[in-house]
Each structure stands twice: as structure tokens, then as C-alpha cells.
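**Student:** Input structure: target-v1.pdb, which contains PDB, C-alpha atoms.
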ATOM      1  CA  MET A   1     -24.379  -6.631 -65.980
ATOM      2  CA  SER A   2     -25.020 -10.329 -66.486
ATOM      3  CA  ILE A   3     -25.427 -13.184 -64.018
ATOM      4  CA  GLN A   4     -23.501 -16.434 -63.932
ATOM      5  CA  ILE A   5     -24.271 -19.511 -61.859
ATOM      6  CA  VAL A   6     -21.126 -20.645 -60.064
ATOM      7  CA  PRO A   7     -20.300 -23.283 -57.409
ATOM      8  CA  GLN A   8     -21.188 -22.222 -53.892
ATOM      9  CA  ASP A   9     -17.585 -22.322 -52.704
ATOM     10  CA  GLU A  10     -16.647 -19.575 -55.161
ATOM     11  CA  LEU A  11     -18.766 -17.195 -53.094
ATOM     12  CA  ALA A  12     -17.906 -18.642 -49.719
ATOM     13  CA  ASP A  13     -17.298 -15.159 -48.340
ATOM     14  CA  GLY A  14     -20.910 -14.251 -49.125
ATOM     15  CA  LYS A  15     -19.916 -11.401 -51.417
ATOM     16  CA  ASN A  16     -20.849 -10.745 -55.005
ATOM     17  CA  ALA A  17     -20.752  -7.901 -57.495
ATOM     18  CA  ALA A  18     -24.298  -6.858 -56.584
ATOM     19  CA  GLY A  19     -23.479  -6.182 -52.930
ATOM     20  CA  ASN A  20     -26.081  -7.690 -50.607
ATOM     21  CA  ILE A  21     -28.664  -8.289 -53.330
ATOM     22  CA  PRO A  22     -28.938 -12.000 -54.229
ATOM     23  CA  PRO A  23     -28.535 -12.175 -58.014
ATOM     24  CA  VAL A  24     -30.578 -15.400 -58.275
ATOM     25  CA  LEU A  25     -33.397 -16.841 -56.194
ATOM     26  CA  PHE A  26     -34.250 -20.523 -56.618
ATOM     27  CA  ALA A  27     -37.862 -21.639 -56.250
ATOM     28  CA  ASN A  28     -39.254 -23.232 -53.107
ATOM     29  CA  LEU A  29     -40.855 -26.248 -54.751
ATOM     30  CA  LYS A  30     -42.512 -27.419 -51.549
ATOM     31  CA  THR A  31     -45.107 -24.660 -51.821
ATOM     32  CA  LEU A  32     -44.765 -23.174 -55.321
ATOM     33  CA  TYR A  33     -47.428 -25.085 -57.229
ATOM     34  CA  GLN A  34     -49.996 -25.198 -54.442
ATOM     35  CA  ARG A  35     -49.677 -21.450 -53.842
ATOM     36  CA  ARG A  36     -50.048 -20.844 -57.581
ATOM     37  CA  ALA A  37     -53.127 -23.063 -57.801
ATOM     38  CA  ASP A  38     -54.709 -21.234 -54.855
ATOM     39  CA  ARG A  39     -53.949 -17.874 -56.441
ATOM     40  CA  LEU A  40     -55.403 -18.903 -59.795
ATOM     41  CA  ARG A  41     -58.643 -19.996 -58.155
ATOM     42  CA  ALA A  42     -58.853 -16.781 -56.161
ATOM     43  CA  LEU A  43     -58.357 -14.708 -59.303
ATOM     44  CA  ALA A  44     -60.949 -16.807 -61.145
ATOM     45  CA  GLU A  45     -63.729 -15.856 -58.723
ATOM     46  CA  ASN A  46     -64.299 -12.437 -60.309
ATOM     47  CA  SER A  47     -62.808 -12.948 -63.739
ATOM     48  CA  PRO A  48     -64.315 -13.491 -67.195
ATOM     49  CA  LEU A  49     -61.421 -15.933 -67.650
ATOM     50  CA  ASP A  50     -62.581 -18.105 -64.760
ATOM     51  CA  GLY A  51     -62.782 -21.275 -66.851
ATOM     52  CA  TYR A  52     -59.216 -21.078 -68.087
ATOM     53  CA  LEU A  53     -57.812 -19.932 -64.754
ATOM     54  CA  ASN A  54     -59.397 -22.934 -63.036
ATOM     55  CA  PHE A  55     -58.034 -25.168 -65.812
ATOM     56  CA  ALA A  56     -54.539 -23.813 -65.118
ATOM     57  CA  ALA A  57     -55.073 -24.318 -61.384
ATOM     58  CA  ALA A  58     -55.850 -27.998 -61.992
ATOM     59  CA  ILE A  59     -52.538 -28.389 -63.822
ATOM     60  CA  CYS A  60     -50.707 -26.750 -60.906
ATOM     61  CA  ASP A  61     -52.429 -29.108 -58.481
ATOM     62  CA  ALA A  62     -51.235 -32.009 -60.619
ATOM     63  CA  GLN A  63     -47.691 -30.628 -60.676
ATOM     64  CA  GLN A  64     -47.654 -30.468 -56.877
ATOM     65  CA  ARG A  65     -48.815 -34.060 -56.583
ATOM     66  CA  VAL A  66     -46.459 -35.426 -59.249
ATOM     67  CA  LEU A  67     -43.535 -33.552 -57.705
ATOM     68  CA  LYS A  68     -44.074 -35.493 -54.485
ATOM     69  CA  GLU A  69     -44.736 -38.870 -56.097
ATOM     70  CA  PHE A  70     -42.040 -38.796 -58.804
ATOM     71  CA  PRO A  71     -39.015 -36.861 -57.479
ATOM     72  CA  LEU A  72     -36.089 -36.377 -59.811
ATOM     73  CA  SER A  73     -32.739 -37.895 -58.925
ATOM     74  CA  ILE A  74     -29.906 -36.625 -61.110
ATOM     75  CA  ASP A  75     -26.182 -35.979 -60.775
ATOM     76  CA  LEU A  76     -25.426 -32.359 -61.686
ATOM     77  CA  SER A  77     -22.100 -32.131 -59.896
ATOM     78  CA  GLY A  78     -20.096 -31.343 -63.014
ATOM     79  CA  GLU A  79     -22.513 -29.040 -64.797
ATOM     80  CA  LEU A  80     -21.343 -25.776 -63.216
ATOM     81  CA  GLU A  81     -17.739 -26.372 -64.244
ATOM     82  CA  LYS A  82     -18.756 -27.322 -67.793
ATOM     83  CA  ALA A  83     -21.016 -24.290 -68.181
ATOM     84  CA  ALA A  84     -18.084 -21.837 -68.544
ATOM     85  CA  GLY A  85     -20.231 -18.814 -67.828
ATOM     86  CA  LYS A  86     -23.264 -19.993 -69.786
ATOM     87  CA  PRO A  87     -26.541 -21.281 -68.306
ATOM     88  CA  PRO A  88     -25.639 -24.674 -66.801
ATOM     89  CA  LEU A  89     -29.071 -26.126 -67.605
ATOM     90  CA  ASP A  90     -29.403 -24.543 -71.045
ATOM     91  CA  CYS A  91     -32.892 -25.516 -72.206
ATOM     92  CA  ALA A  92     -31.850 -25.716 -75.859
ATOM     93  CA  LEU A  93     -28.780 -27.888 -75.245
ATOM     94  CA  PHE A  94     -29.061 -29.794 -71.978
ATOM     95  CA  PRO A  95     -29.729 -33.527 -72.609
ATOM     96  CA  ARG A  96     -33.051 -34.600 -71.121
ATOM     97  CA  THR A  97     -33.434 -37.956 -69.410
ATOM     98  CA  PRO A  98     -36.620 -40.022 -69.894
ATOM     99  CA  HIS A  99     -37.749 -38.876 -66.452
ATOM    100  CA  TRP A 100     -39.493 -35.859 -67.984
ATOM    101  CA  LEU A 101     -41.693 -38.296 -69.933
ATOM    102  CA  THR A 102     -42.477 -40.081 -66.675
ATOM    103  CA  LEU A 103     -43.581 -36.726 -65.287
ATOM    104  CA  LEU A 104     -45.730 -36.068 -68.358
ATOM    105  CA  ASP A 105     -47.473 -39.447 -68.096
ATOM    106  CA  ALA A 106     -48.012 -38.914 -64.372
ATOM    107  CA  LEU A 107     -49.547 -35.475 -64.988
ATOM    108  CA  ILE A 108     -51.877 -36.958 -67.589
ATOM    109  CA  ALA A 109     -52.936 -39.734 -65.192
ATOM    110  CA  VAL A 110     -53.734 -37.202 -62.473
ATOM    111  CA  LEU A 111     -55.627 -34.837 -64.775
ATOM    112  CA  LYS A 112     -57.721 -37.278 -66.822
ATOM    113  CA  PRO A 113     -60.318 -38.272 -64.189
ATOM    114  CA  GLY A 114     -61.496 -34.695 -63.601
ATOM    115  CA  ALA A 115     -61.017 -33.339 -67.115
ATOM    116  CA  SER A 116     -63.793 -32.155 -69.390
ATOM    117  CA  GLU A 117     -64.461 -34.225 -72.493
ATOM    118  CA  PRO A 118     -62.431 -31.981 -74.882
ATOM    119  CA  VAL A 119     -59.473 -31.846 -72.483
ATOM    120  CA  ARG A 120     -59.647 -35.600 -71.851
ATOM    121  CA  LYS A 121     -59.389 -36.263 -75.594
ATOM    122  CA  VAL A 122     -56.281 -34.071 -75.811
ATOM    123  CA  LEU A 123     -54.730 -35.865 -72.846
ATOM    124  CA  GLU A 124     -55.463 -39.277 -74.323
ATOM    125  CA  CYS A 125     -54.007 -38.254 -77.676
ATOM    126  CA  LEU A 126     -50.867 -37.008 -75.934
ATOM    127  CA  GLU A 127     -50.715 -40.143 -73.808
ATOM    128  CA  GLN A 128     -50.849 -42.368 -76.884
ATOM    129  CA  SER A 129     -48.318 -40.368 -78.897
ATOM    130  CA  PRO A 130     -44.955 -42.097 -79.470
ATOM    131  CA  ASN A 131     -42.172 -40.899 -77.206
ATOM    132  CA  LEU A 132     -40.187 -39.733 -80.226
ATOM    133  CA  GLN A 133     -43.026 -37.427 -81.227
ATOM    134  CA  ARG A 134     -43.352 -36.117 -77.672
ATOM    135  CA  GLU A 135     -39.601 -35.505 -77.524
ATOM    136  CA  MET A 136     -39.769 -33.581 -80.795
ATOM    137  CA  MET A 137     -42.592 -31.379 -79.523
ATOM    138  CA  ALA A 138     -40.647 -30.739 -76.326
ATOM    139  CA  THR A 139     -37.559 -29.687 -78.277
ATOM    140  CA  GLU A 140     -39.607 -27.358 -80.467
ATOM    141  CA  LEU A 141     -41.169 -25.698 -77.422
ATOM    142  CA  LEU A 142     -37.817 -25.289 -75.691
ATOM    143  CA  CYS A 143     -36.347 -23.741 -78.848
ATOM    144  CA  GLN A 144     -39.386 -21.407 -79.120
ATOM    145  CA  ASP A 145     -40.503 -22.978 -82.393
ATOM    146  CA  PHE A 146     -44.125 -22.899 -81.324
ATOM    147  CA  LYS A 147     -45.798 -23.300 -84.694
ATOM    148  CA  HIS A 148     -45.014 -27.028 -84.837
ATOM    149  CA  VAL A 149     -46.663 -27.851 -81.493
ATOM    150  CA  PRO A 150     -50.477 -28.018 -81.260
ATOM    151  CA  ALA A 151     -51.693 -25.288 -78.917
ATOM    152  CA  ASP A 152     -53.913 -27.698 -76.993
ATOM    153  CA  LYS A 153     -50.975 -29.984 -76.143
ATOM    154  CA  ALA A 154     -48.349 -27.335 -75.380
ATOM    155  CA  PRO A 155     -49.413 -26.473 -71.789
ATOM    156  CA  PHE A 156     -49.247 -30.116 -70.693
ATOM    157  CA  ILE A 157     -45.861 -30.755 -72.303
ATOM    158  CA  TRP A 158     -44.496 -27.544 -70.793
ATOM    159  CA  ALA A 159     -45.893 -28.403 -67.363
ATOM    160  CA  ALA A 160     -43.838 -31.606 -67.396
ATOM    161  CA  LEU A 161     -40.736 -29.871 -68.765
ATOM    162  CA  SER A 162     -41.015 -27.099 -66.189
ATOM    163  CA  LEU A 163     -41.407 -29.609 -63.364
ATOM    164  CA  TYR A 164     -38.303 -31.393 -64.658
ATOM    165  CA  TRP A 165     -36.188 -28.233 -65.018
ATOM    166  CA  ALA A 166     -37.350 -26.755 -61.711
ATOM    167  CA  GLN A 167     -36.214 -29.891 -59.890
ATOM    168  CA  MET A 168     -32.847 -29.755 -61.632
ATOM    169  CA  ALA A 169     -32.436 -26.103 -60.681
ATOM    170  CA  ALA A 170     -33.217 -26.943 -57.058
ATOM    171  CA  GLN A 171     -30.464 -29.585 -57.073
ATOM    172  CA  LEU A 172     -27.840 -27.507 -58.872
ATOM    173  CA  ARG A 173     -26.029 -26.362 -55.702
ATOM    174  CA  GLY A 174     -24.943 -23.157 -57.370
ATOM    175  CA  VAL A 175     -25.280 -19.473 -56.577
ATOM    176  CA  GLY A 176     -25.614 -16.399 -58.734
ATOM    177  CA  ARG A 177     -22.698 -14.079 -59.365
ATOM    178  CA  ALA A 178     -23.266 -10.697 -60.980
ATOM    179  CA  ASP A 179     -20.677  -9.837 -63.627
ATOM    180  CA  TYR A 180     -20.349  -7.476 -66.530
ATOM    181  CA  GLY A 181     -21.955  -8.813 -69.681
ATOM    182  CA  GLU A 182     -25.094  -9.029 -71.788
ATOM    183  CA  ASN A 183     -28.165 -11.256 -72.168
ATOM    184  CA  ARG A 184     -29.662 -10.218 -68.832
ATOM    185  CA  GLN A 185     -33.108 -10.856 -70.345
ATOM    186  CA  PHE A 186     -32.488 -14.624 -70.314
ATOM    187  CA  CYS A 187     -32.568 -16.908 -67.288
ATOM    188  CA  PRO A 188     -28.993 -17.486 -66.060
ATOM    189  CA  VAL A 189     -29.942 -20.988 -64.892
ATOM    190  CA  CYS A 190     -31.597 -22.456 -67.992
ATOM    191  CA  GLY A 191     -31.496 -19.766 -70.691
ATOM    192  CA  SER A 192     -35.268 -19.527 -71.069
ATOM    193  CA  ILE A 193     -37.229 -16.275 -70.997
ATOM    194  CA  PRO A 194     -39.285 -14.673 -68.236
ATOM    195  CA  VAL A 195     -43.003 -14.974 -67.812
ATOM    196  CA  SER A 196     -43.109 -11.663 -65.962
ATOM    197  CA  ALA A 197     -41.203  -9.563 -63.456
ATOM    198  CA  VAL A 198     -41.956  -9.384 -59.751
ATOM    199  CA  ILE A 199     -41.315  -6.572 -57.293
ATOM    200  CA  ASN A 200     -40.631  -8.221 -53.953
ATOM    201  CA  ALA A 201     -41.274  -6.935 -50.444
ATOM    202  CA  GLY A 202     -37.913  -5.179 -50.478
ATOM    203  CA  GLY A 203     -38.749  -3.268 -53.658
ATOM    204  CA  LEU A 204     -36.309  -5.242 -55.809
ATOM    205  CA  ARG A 205     -37.196  -6.436 -59.308
ATOM    206  CA  TYR A 206     -36.629 -10.042 -60.302
ATOM    207  CA  LEU A 207     -37.523 -11.666 -63.605
ATOM    208  CA  HIS A 208     -39.313 -15.000 -63.145
ATOM    209  CA  CYS A 209     -38.290 -17.835 -65.471
ATOM    210  CA  ASN A 210     -41.135 -19.505 -67.329
ATOM    211  CA  LEU A 211     -39.307 -22.863 -67.318
ATOM    212  CA  CYS A 212     -37.177 -23.541 -64.226
ATOM    213  CA  GLU A 213     -39.063 -21.106 -61.940
ATOM    214  CA  SER A 214     -35.846 -19.358 -60.854
ATOM    215  CA  GLU A 215     -35.733 -15.572 -60.479
ATOM    216  CA  TRP A 216     -32.883 -13.236 -61.356
ATOM    217  CA  HIS A 217     -32.305  -9.633 -60.365
ATOM    218  CA  VAL A 218     -32.560  -6.802 -62.881
ATOM    219  CA  VAL A 219     -32.455  -3.189 -61.708
ATOM    220  CA  ARG A 220     -35.748  -1.339 -62.071
ATOM    221  CA  ALA A 221     -34.247   1.627 -63.915
ATOM    222  CA  LYS A 222     -33.522  -0.397 -67.065
ATOM    223  CA  CYS A 223     -35.671  -2.082 -69.682
ATOM    224  CA  SER A 224     -35.659  -5.793 -68.906
ATOM    225  CA  ASN A 225     -35.376  -6.560 -72.617
ATOM    226  CA  CYS A 226     -32.792  -4.114 -74.019
ATOM    227  CA  ASP A 227     -31.222  -2.368 -70.969
ATOM    228  CA  GLU A 228     -32.177   1.136 -72.166
ATOM    229  CA  MET A 229     -33.162   3.578 -69.445
ATOM    230  CA  GLU A 230     -34.698   6.702 -70.983
ATOM    231  CA  HIS A 231     -37.984   5.717 -72.602
ATOM    232  CA  LEU A 232     -39.719   3.423 -70.113
ATOM    233  CA  ASN A 233     -43.374   3.751 -69.167
ATOM    234  CA  LEU A 234     -45.658   1.813 -66.846
ATOM    235  CA  TRP A 235     -49.229   1.094 -67.919
ATOM    236  CA  SER A 236     -52.141  -0.336 -65.971
ATOM    237  CA  ILE A 237     -55.851  -0.911 -66.490
ATOM    238  CA  ASP A 238     -57.090   0.132 -63.067
ATOM    239  CA  ASP A 239     -54.959   2.790 -61.404
ATOM    240  CA  GLU A 240     -51.487   3.588 -60.158
ATOM    241  CA  GLN A 241     -51.931   1.176 -57.263
ATOM    242  CA  ALA A 242     -52.662  -1.831 -59.502
ATOM    243  CA  THR A 243     -50.965  -5.095 -58.563
ATOM    244  CA  VAL A 244     -50.119  -5.773 -62.214
ATOM    245  CA  LYS A 245     -48.658  -3.232 -64.615
ATOM    246  CA  ALA A 246     -46.923  -3.428 -67.963
ATOM    247  CA  GLU A 247     -43.489  -1.894 -68.367
ATOM    248  CA  ALA A 248     -43.096  -0.773 -71.980
ATOM    249  CA  CYS A 249     -39.952   0.433 -73.704
ATOM    250  CA  ASP A 250     -40.167   2.833 -76.634
ATOM    251  CA  ASP A 251     -36.613   1.946 -77.690
ATOM    252  CA  CYS A 252     -37.117  -1.784 -78.348
ATOM    253  CA  GLY A 253     -40.905  -1.839 -78.569
ATOM    254  CA  ALA A 254     -41.234  -4.584 -75.963
ATOM    255  CA  TYR A 255     -43.264  -4.815 -72.784
ATOM    256  CA  LEU A 256     -43.234  -7.135 -69.787
ATOM    257  CA  LYS A 257     -45.790  -7.448 -67.021
ATOM    258  CA  VAL A 258     -44.650  -6.386 -63.540
ATOM    259  CA  ILE A 259     -46.269  -8.139 -60.568
ATOM    260  CA  TYR A 260     -46.120  -6.092 -57.365
ATOM    261  CA  GLN A 261     -45.782  -8.586 -54.549
ATOM    262  CA  ASP A 262     -44.936  -5.684 -52.236
ATOM    263  CA  LYS A 263     -48.576  -4.603 -52.679
ATOM    264  CA  ASP A 264     -50.089  -8.094 -52.616
ATOM    265  CA  PRO A 265     -47.912 -10.859 -51.109
ATOM    266  CA  GLN A 266     -50.205 -13.519 -52.620
ATOM    267  CA  ALA A 267     -49.560 -12.317 -56.170
ATOM    268  CA  ASP A 268     -47.857 -14.875 -58.404
ATOM    269  CA  ALA A 269     -45.670 -14.338 -61.461
ATOM    270  CA  VAL A 270     -47.606 -16.841 -63.582
ATOM    271  CA  ALA A 271     -51.129 -16.590 -62.164
ATOM    272  CA  ASP A 272     -51.414 -12.800 -62.117
ATOM    273  CA  ASP A 273     -49.881 -12.540 -65.569
ATOM    274  CA  LEU A 274     -52.441 -14.989 -66.955
ATOM    275  CA  ALA A 275     -55.353 -13.246 -65.237
ATOM    276  CA  THR A 276     -54.593  -9.868 -66.855
ATOM    277  CA  LEU A 277     -54.871 -10.648 -70.551
ATOM    278  CA  LEU A 278     -56.850  -7.446 -71.082
ATOM    279  CA  LEU A 279     -53.678  -5.542 -70.288
ATOM    280  CA  ASP A 280     -51.852  -7.545 -72.968
ATOM    281  CA  ASP A 281     -54.528  -6.552 -75.473
ATOM    282  CA  ARG A 282     -54.113  -2.888 -74.561
ATOM    283  CA  MET A 283     -50.335  -3.056 -74.947
ATOM    284  CA  GLU A 284     -50.574  -4.777 -78.313
ATOM    285  CA  ASP A 285     -53.074  -2.128 -79.446
ATOM    286  CA  LYS A 286     -50.395   0.440 -78.620
ATOM    287  CA  GLY A 287     -47.925  -1.390 -80.869
ATOM    288  CA  PHE A 288     -45.826  -3.157 -78.225
ATOM    289  CA  SER A 289     -44.821  -6.839 -78.288
ATOM    290  CA  GLY A 290     -44.574  -8.967 -75.169
ATOM    291  CA  SER A 291     -41.063 -10.103 -74.244
ATOM    292  CA  GLY A 292     -42.331 -12.805 -71.869
ATOM    293  CA  ILE A 293     -44.289 -16.009 -72.412
ATOM    294  CA  ASN A 294     -46.788 -17.482 -69.991
ATOM    295  CA  PRO A 295     -46.549 -21.290 -69.716
ATOM    296  CA  PHE A 296     -50.321 -21.539 -70.072
ATOM    297  CA  LEU A 297     -50.547 -19.301 -73.126
ATOM    298  CA  PHE A 298     -48.023 -19.884 -75.874
ATOM    299  CA  PRO A 299     -47.988 -17.519 -78.867
ATOM    300  CA  ALA A 300     -49.557 -18.626 -82.126
ATOM    301  CA  GLU A 301     -47.125 -18.565 -85.025
TER     302      GLU A 301
END
Let me see whether you can do it: turn the structure in this file into C-alpha cells.
**Tutor:**
Amino acid sequence: MSIQIVPQDELADGKNAAGNIPPVLFANLKTLYQRRADRLRALAENSPLDGYLNFAAAICDAQQRVLKEFPLSIDLSGELEKAAGKPPLDCALFPRTPHWLTLLDALIAVLKPGASEPVRKVLECLEQSPNLQREMMATELLCQDFKHVPADKAPFIWAALSLYWAQMAAQLRGVGRADYGENRQFCPVCGSIPVSAVINAGGLRYLHCNLCESEWHVVRAKCSNCDEMEHLNLWSIDDEQATVKAEACDDCGAYLKVIYQDKDPQADAVADDLATLLLDDRMEDKGFSGSGINPFLFPAE
């Protein structure tokens, strides 16, 4: 099964191929970033990663503020028809407007006053970079060509891009339709990859996009990366009741974190993934490769 984003009137009867399960859930931007910042700070209290978790929380605070002060206004009325079954906001193809740069500059302005000296220098360097250079780094990140983007600049660029794409997704006025097809491991809204999977209060699994913050349904019985069903295992550091586990597939050799919001409603797809890096180390020691990317921790290439 794959998921397509279609105009709302195409599903006016409220039916879709997945029965009563919504194939796609769009983010509630009014509370998303503040809830994530609060979660990051809560997780930092008893974590050896407290410094970085609080750093990420500060970025989320800035995203919440910039979202309110610099809202995106864009006409997406024709994008669903042009998509022809592909992600309508394809991150590798969709033309960006300069508004994302406005968001980046606004994030930098909010973050600089409270930043440490090393972080402030990075922000100032990014602030003074020509727009062409910043556009090139954005394109390389969106195309997963991470080696050409300095690791210290990537989280700030991505924070602006994510804020831009999340606002577009919220204005898309589309709904998800489950159809037969492939590429279920990619976001049906923007084509990016998940940061992690979440199990909601109803026991359903959704993959959470690391760019536009949308979530799309994938049945729990299948590998989220290759769709195989036979050789899946769940791993955790603590015990079987852990809020965060890693689902690993022996067929494709990939793993993805699973965040159990049915056990802890405050758990967040990004925050809880970032706070459990020890689990990533354990999975990599076992020979598995992560199929998701956290927006605060891009892979080194």
C-alpha cells in the first residue's frame, strides 16, 4: 500500500482504502514546537545529553516564536492536481520562495542573544553567508547530500526549512488516500524520510516526517523500510515497557525508533528519538543502519 494526497472533495464521503484509519495526520502547529521544547527539557533533567537536549529545546522555542511572528502565505491550490500521485510538496523538487530565508534570519535573531559563544559564532557566520550559499546548503540537505553542509550549521538551516514545509503542509487542504503502491517509507506529503515512528493512543503506528511534521500510517506487522514481515525484532535498553524501542529488520538491515505515545502521551517523535542515542549505538553495534534521520543530528558522510 502507498498513500497519496488528494483534494478533500475526492474523499467527500469520508471513505478511503484504509477503512476508518486516517492515512495521514497533519501537524497541529499551534502547540507542536512548544510541546517538543517542554519534552526536551524534561528529558534533559536526568540525561547525560542534557546540554544538547536543552540546545534543541531552545531551537524549538525559537520555531514557535517565529511561526507566530512570520506566518507563511502561499497559494497551493493547484499543487494537488499537478502532483499526479506524487508528493505535492516534494522536498527535492518543490520551488522554495525567499520566505524560508526570512524564517532562517528570524530564527538566528531569536537565538543569538541567549546562545553560548561557540553557537553565537556559528549563527553569525550563517547570518552573514550569501543567500546563494544558504540556498545551496538547503538544497544539499533536502537531497540528503549531507557531506557538503557543515554539521554545526545544518540544524539551524533545517529548522527553518522544516518550519517552512510544515506551514505549507498545514495549508495544503488535502487528505490522504491509501492505494496500492510502493515507497511507503517516504512521506506522502513532501517525500522526506521519517525521524521515528509513533504508536498512538489507539495502538496505530504512524511514521513522523522529519521535514513537514506530517505523519502517515504504516501497519505494525511490516518493516517500515522494506515491507517485509517475517524477521522483525524490537529492542530496548530498559525493559519491555520502555517508551522508546528500536524496530530492526533482518531482511533489509535497517532499524527505526518506535515512540510509544500510548504509554507516555508526552512522548515526542523528535525529542524522545534524540534522547535515546545509546539505543542507536546498540543497534549499530549489532550491524543495523538507521532508516530515519533526526533533524538535530544529521549523519556524517
**Student:** Just want the 7 Å neighbourhood of range 19-36 of chain A, counted on only C-alpha atoms, with same-chain residues fewer than 3 positions away dropped. Output as a ChimeraX atom specification.
**Tutor:** /A:3,15-16,39-40,60-61,63-64,170,175-178,213-217,268,271
**Student:** Could you name the residues that touch Val6 in chain A at 10 Å or less, counting only C-alpha atoms, but leaving out those on the same chain fewer than 5 positions away, as a PDB file with C-alpha atoms, in the coordinates of the input?
**Tutor:**
ATOM      1  CA  LEU A  11     -18.766 -17.195 -53.094  1.00  0.00           C
ATOM      2  CA  GLU A  79     -22.513 -29.040 -64.797  1.00  0.00           C
ATOM      3  CA  LEU A  80     -21.343 -25.776 -63.216  1.00  0.00           C
ATOM      4  CA  GLU A  81     -17.739 -26.372 -64.244  1.00  0.00           C
ATOM      5  CA  ALA A  83     -21.016 -24.290 -68.181  1.00  0.00           C
ATOM      6  CA  ALA A  84     -18.084 -21.837 -68.544  1.00  0.00           C
ATOM      7  CA  GLY A  85     -20.231 -18.814 -67.828  1.00  0.00           C
ATOM      8  CA  LYS A  86     -23.264 -19.993 -69.786  1.00  0.00           C
ATOM      9  CA  PRO A  87     -26.541 -21.281 -68.306  1.00  0.00           C
ATOM     10  CA  PRO A  88     -25.639 -24.674 -66.801  1.00  0.00           C
ATOM     11  CA  LEU A 172     -27.840 -27.507 -58.872  1.00  0.00           C
ATOM     12  CA  ARG A 173     -26.029 -26.362 -55.702  1.00  0.00           C
ATOM     13  CA  GLY A 174     -24.943 -23.157 -57.370  1.00  0.00           C
ATOM     14  CA  VAL A 175     -25.280 -19.473 -56.577  1.00  0.00           C
ATOM     15  CA  GLY A 176     -25.614 -16.399 -58.734  1.00  0.00           C
ATOM     16  CA  ARG A 177     -22.698 -14.079 -59.365  1.00  0.00           C
TER      17      ARG A 177
END
**Student:** I need the output of the PyMOL selection byres ((chain A and resi 134) around 12) for this file as a count of residues only; which residues are they?
**Tutor:** 32
**Student:** What is the distance between CA of Leu204 in chain A and CA of Val218 in chain A, in Å to one decimal?
**Tutor:**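 CA of Val218 in chain A lies at a distance of 8.2 Å from CA of Leu204 in chain A.
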**Student:** Determine the residue membership of the PyMOL selection byres ((chain A and resi 279) around 9) for the file above and supply it as a list in words.
**Tutor:**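 So the PyMOL selection byres ((chain A and resi 279) around 9) ends up selecting Trp235, Ser236, Ile237, Val244, Lys245, Ala246, Lys257, Thr276, Leu277, Leu278, Asp280, Asp281, Arg282, Met283 and Glu284 of chain A.
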**Student:** May I ask for the distance between CA of Pro7 in chain A and CA of Gln185 in chain A, given in Å to one decimal place?
**Tutor:**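 Going from CA of Pro7 in chain A over to CA of Gln185 in chain A covers 22.0 Å.
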**Student:** Go through the shown structure with the PyMOL selection byres ((chain A and resi 300) around 10) and write out the matching residues as an MDAnalysis selection string.
**Tutor:** chainID A and resid 146:151 297:299 301
**Student:** Complete the atoms of range 190-206 of chain A to N, CA and C atoms and put them out as an mmCIF file, keeping the file's coordinate frame.
**Tutor:**
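Below is the file that was written, selection.cif:
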data_model
loop_
_atom_site.group_PDB
_atom_site.id
_atom_site.type_symbol
_atom_site.label_atom_id
_atom_site.label_comp_id
_atom_site.auth_asym_id
_atom_site.auth_seq_id
_atom_site.Cartn_x
_atom_site.Cartn_y
_atom_site.Cartn_z
ATOM 1 N N CYS A 190 -31.218 -21.564 -66.891
ATOM 2 C CA CYS A 190 -31.597 -22.456 -67.992
ATOM 3 C C CYS A 190 -31.657 -21.773 -69.355
ATOM 4 N N GLY A 191 -31.508 -20.464 -69.414
ATOM 5 C CA GLY A 191 -31.496 -19.766 -70.691
ATOM 6 C C GLY A 191 -32.862 -19.477 -71.276
ATOM 7 N N SER A 192 -33.931 -19.819 -70.572
ATOM 8 C CA SER A 192 -35.268 -19.527 -71.069
ATOM 9 C C SER A 192 -35.606 -18.062 -70.804
ATOM 10 N N ILE A 193 -36.838 -17.675 -71.120
ATOM 11 C CA ILE A 193 -37.229 -16.275 -70.997
ATOM 12 C C ILE A 193 -38.189 -16.102 -69.820
ATOM 13 N N PRO A 194 -38.389 -14.877 -69.372
ATOM 14 C CA PRO A 194 -39.285 -14.673 -68.236
ATOM 15 C C PRO A 194 -40.747 -14.777 -68.626
ATOM 16 N N VAL A 195 -41.562 -15.080 -67.634
ATOM 17 C CA VAL A 195 -43.003 -14.974 -67.812
ATOM 18 C C VAL A 195 -43.447 -13.567 -67.434
ATOM 19 N N SER A 196 -42.811 -13.013 -66.423
ATOM 20 C CA SER A 196 -43.109 -11.663 -65.962
ATOM 21 C C SER A 196 -41.993 -11.247 -65.008
ATOM 22 N N ALA A 197 -42.107 -10.038 -64.504
ATOM 23 C CA ALA A 197 -41.203 -9.563 -63.456
ATOM 24 C C ALA A 197 -41.997 -9.425 -62.167
ATOM 25 N N VAL A 198 -41.312 -9.584 -61.044
ATOM 26 C CA VAL A 198 -41.956 -9.384 -59.751
ATOM 27 C C VAL A 198 -41.180 -8.327 -58.972
ATOM 28 N N ILE A 199 -41.920 -7.516 -58.240
ATOM 29 C CA ILE A 199 -41.315 -6.572 -57.293
ATOM 30 C C ILE A 199 -41.549 -7.163 -55.912
ATOM 31 N N ASN A 200 -40.464 -7.538 -55.230
ATOM 32 C CA ASN A 200 -40.631 -8.221 -53.953
ATOM 33 C C ASN A 200 -40.850 -7.234 -52.814
ATOM 34 N N ALA A 201 -40.969 -7.771 -51.607
ATOM 35 C CA ALA A 201 -41.274 -6.935 -50.444
ATOM 36 C C ALA A 201 -40.203 -5.883 -50.185
ATOM 37 N N GLY A 202 -38.988 -6.142 -50.649
ATOM 38 C CA GLY A 202 -37.913 -5.179 -50.478
ATOM 39 C C GLY A 202 -37.823 -4.160 -51.590
ATOM 40 N N GLY A 203 -38.749 -4.225 -52.555
ATOM 41 C CA GLY A 203 -38.749 -3.268 -53.658
ATOM 42 C C GLY A 203 -37.814 -3.629 -54.792
ATOM 43 N N LEU A 204 -37.226 -4.822 -54.761
ATOM 44 C CA LEU A 204 -36.309 -5.242 -55.809
ATOM 45 C C LEU A 204 -37.064 -5.932 -56.935
ATOM 46 N N ARG A 205 -36.567 -5.775 -58.170
ATOM 47 C CA ARG A 205 -37.196 -6.436 -59.308
ATOM 48 C C ARG A 205 -36.429 -7.694 -59.689
ATOM 49 N N TYR A 206 -37.177 -8.782 -59.821
ATOM 50 C CA TYR A 206 -36.629 -10.042 -60.302
ATOM 51 C C TYR A 206 -37.479 -10.513 -61.488
#
